[in-house]
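*Asks:* Let me begin by handing over the structure; questions about it come next.
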Amino acid sequence: MIEIISKQKKLNIRIKTNSTFYHMYLLGIVFSTILYSINGFSVKTTGRLTLGGVAITERFKTDEFGSKSNDHLLSSSRFFYKVSDLGSDKWELTTDLRDKHDFFGKLTKEQLALESKNDFQVRQMTAHWLNPEGAFSSQIGRFQLPEAGSVFVDGVDLEFRFTPYLKSGGFSGFNPKSIEDSDLNFDKNATQNGVFLTYQSHDEGWDKNLYFSHGLVEQTYKKQKERSFFFHNLIYQWEANSRWISYLNYDLVPEKKVQTANMIYQQNWTKAYNYELGYLHIDLLEYRRRQGLLEKLDPSPYRESHFQLQRKNENKSSVAIEFHSGLRDADHLKRYDAILGFVQNELLSKNLDLYFKLGSRNNFTSKDKFINFGIGYYSKFWESSIDTEYQISANNDGTTTHPTTIELALTNYYSKELFLTASFERAADENVTITSTFIKFGYRFGNQEIPPVRDGAPPRGPI
């Protein structure tokens, strides 16, 4: 079941302005990047041009919403270029230009609601002074800082390395991204400042790793404090498949609350068995971004915990049981499910794998039984996969529906530089049919070595 999609309301209203000086500055960085790479300083260059489009259609069984049709036809493009190893201080110049709505991914309910113009945006344009032999480093321009909670900054970042493993930094500038938007816009009224502390272990091999980062960020709008938050991220792995991962955004202003929290504990029990415990807490904005195509509930803060037990067999197969339990804060509706899954890697050959899941779910307003099946073929020049799910939903209003989703994906690597990706996705029940088709063409260039493409199927992650 689905309701007609309408434009999402913004939580805050901002008038976003353009600055001629700011855009001249950004263009100057692009010009400098090209100039450096043409004249050559034994530098490394790498770039990518991506072009594509997506067509989305909705077909309702009745016209009770005013129309039986709701269609979208959109194009998308991206240009990425990076010059590195400039001079003894190892300067890096990075340019990332893309459309405001980047549709190169799976169909989501949020994408169906995008009705505004798909304007071009500057995602990143940065001059980065690495200075590997010194204690200080810096970057200026538009950049993202994952160490401080993946904030975007139009300004400057200054960092100090205490040791090769431990660094601290502070940043200041304009804030091009409001919390409710996914795109970036220069806004002279929105500013932000912050500090962070980051540790990254080195040379401990693939099985061991320690990373943590903590940040404190304050954001203002027209000189009034709009938001401040504390950020935490920890990844600790002490052996293969045994790790602790935690991620937290805790708001201090306008109110003290957890905006996003995600904690995962994975542990090898024996050589054959491993288990996973997890907890997730998201606010209504993140809920909206994750919302399923056929879900008609209003967004709500949501909490969920899960447990998984997996057995790995010697024939490259694995079996897992998984349990989830979740609660919506807005209406206290619950969701819980039990899933039995099977994965077979290298089926008949190293290029083929498959998986399937059987499950039962209490899905807020319905009781569901479902089966999910997928098969993939991966070779040096081709990637293809089919994923389908069939569900029987006994709804609380007394009706029974049969939601079905299917996705076909195909990628061809003509060479290391050229690739083409296409996909088709269909979601339907007794009330509506939604289809999405997208195609993407990519070209990679530069003198930096391009990683080789795979020659077999990648190992599947947890079911």
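Just remember, in the structure tokens the first chain shown is A, the second B, etc., residues are 1-based per chain, and ligands are 1-based in the order shown.
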Kindly assemble as a tab-separated table a list of the region 289-390 of chain A residues that lie within 12 Å of region 425-433 of chain A, each paired with its nearest atom pair and their distance in Å to one decimal, using only C-alpha atoms, sorted first by chain and then by ascending residue number.
*Replies:*
```
residue	atom	partner	partner_atom	distance
A:Gly292	CA	A:Ala427	CA	10.1
A:Leu293	CA	A:Ala427	CA	7.4
A:Leu294	CA	A:Ala427	CA	7.6
A:Glu295	CA	A:Ala427	CA	11.4
A:Ser385	CA	A:Glu425	CA	11.8
A:Ile386	CA	A:Glu425	CA	10.0
A:Asp387	CA	A:Glu425	CA	9.3
A:Thr388	CA	A:Arg426	CA	9.4
A:Glu389	CA	A:Ala427	CA	9.4
A:Tyr390	CA	A:Ala428	CA	10.0
```
*Asks:* Can you list every residue in region 211-456 of chain A that DSSP puts in alpha helix (DSSP H), as number ranges by chain?
*Replies:* A: 284-290
*Asks:* Could you write those residues out with C-alpha atoms, as an mmCIF file, in the first residue's frame?
*Replies:*
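So result.cif came out as:
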```
data_model
loop_
_atom_site.group_PDB
_atom_site.id
_atom_site.type_symbol
_atom_site.label_atom_id
_atom_site.label_comp_id
_atom_site.auth_asym_id
_atom_site.auth_seq_id
_atom_site.Cartn_x
_atom_site.Cartn_y
_atom_site.Cartn_z
ATOM 1 C CA LEU A 284 12.562 11.436 11.593
ATOM 2 C CA LEU A 285 14.781 12.977 8.884
ATOM 3 C CA GLU A 286 16.927 9.855 8.629
ATOM 4 C CA TYR A 287 13.791 7.703 8.852
ATOM 5 C CA ARG A 288 12.401 9.522 5.812
ATOM 6 C CA ARG A 289 15.607 8.862 3.875
ATOM 7 C CA ARG A 290 15.458 5.132 4.686
#
```
*Asks:* Identify which of the residues A:Asn274, A:Gln344, A:Ser366, A:Tyr413 lies closest to Leu297 (chain A), counting only C-alpha atoms when measuring atom-to-atom distances.
*Replies:*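 Among the listed residues, the smallest separation from Leu297 (chain A) belongs to A:Ser366.
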*Asks:* Residues within 8 Å of Ile140 (chain A), please, as a PDB file with N, CA and C atoms, in the first residue's frame. Count only C-alpha atoms; anything in the same chain fewer than 3 positions from it doesn't count.
*Replies:*
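Here's the written file around.pdb:
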```pdb
ATOM      1  N   THR A 126      38.717  21.944  -3.126  1.00  0.00           N
ATOM      2  CA  THR A 126      39.602  22.094  -1.981  1.00  0.00           C
ATOM      3  C   THR A 126      41.057  22.126  -2.399  1.00  0.00           C
ATOM      4  N   ALA A 127      41.823  23.004  -1.742  1.00  0.00           N
ATOM      5  CA  ALA A 127      43.280  22.975  -1.782  1.00  0.00           C
ATOM      6  C   ALA A 127      43.755  22.457  -0.427  1.00  0.00           C
ATOM      7  N   HIS A 128      44.452  21.323  -0.433  1.00  0.00           N
ATOM      8  CA  HIS A 128      44.830  20.625   0.804  1.00  0.00           C
ATOM      9  C   HIS A 128      46.349  20.589   0.921  1.00  0.00           C
ATOM     10  N   PHE A 143      34.882  21.524   1.654  1.00  0.00           N
ATOM     11  CA  PHE A 143      35.358  20.178   1.942  1.00  0.00           C
ATOM     12  C   PHE A 143      34.437  19.526   2.973  1.00  0.00           C
ATOM     13  N   ASP A 154      32.503  25.531   4.105  1.00  0.00           N
ATOM     14  CA  ASP A 154      33.048  26.510   3.174  1.00  0.00           C
ATOM     15  C   ASP A 154      33.986  27.406   3.970  1.00  0.00           C
ATOM     16  N   GLY A 155      35.245  27.015   4.063  1.00  0.00           N
ATOM     17  CA  GLY A 155      36.148  27.774   4.906  1.00  0.00           C
ATOM     18  C   GLY A 155      37.513  27.137   4.980  1.00  0.00           C
ATOM     19  N   VAL A 156      38.055  27.037   6.202  1.00  0.00           N
ATOM     20  CA  VAL A 156      39.415  26.570   6.402  1.00  0.00           C
ATOM     21  C   VAL A 156      39.459  25.576   7.557  1.00  0.00           C
ATOM     22  N   ASP A 157      40.360  24.609   7.449  1.00  0.00           N
ATOM     23  CA  ASP A 157      40.589  23.600   8.486  1.00  0.00           C
ATOM     24  C   ASP A 157      42.080  23.567   8.769  1.00  0.00           C
TER      25      ASP A 157
END
```
*Asks:* Would you kindly return, as a PyMOL selection string, each protein, DNA or RNA residue with an atom no farther than 12 Å from any atom of Lys223 (chain A), considering only C-alpha atoms and excluding same-chain residues fewer than 5 positions away?
*Replies:* chain A and resi 174+188-192+218
*Asks:* Restricted to C-alpha atoms, what would the selected residues look like written as a short mmCIF file (atom, residue, chain, number, x, y, z; two decimals), in the first residue's frame?
*Replies:*
```
data_model
loop_
_atom_site.label_atom_id
_atom_site.label_comp_id
_atom_site.auth_asym_id
_atom_site.auth_seq_id
_atom_site.Cartn_x
_atom_site.Cartn_y
_atom_site.Cartn_z
CA PHE A 174 30.21 28.95 6.25
CA LYS A 188 26.44 33.72 3.81
CA ASN A 189 24.08 33.68 6.82
CA ALA A 190 24.97 30.14 7.94
CA THR A 191 28.30 29.70 9.72
CA GLN A 192 29.93 26.98 11.80
CA GLU A 218 28.48 24.73 16.67
#
```
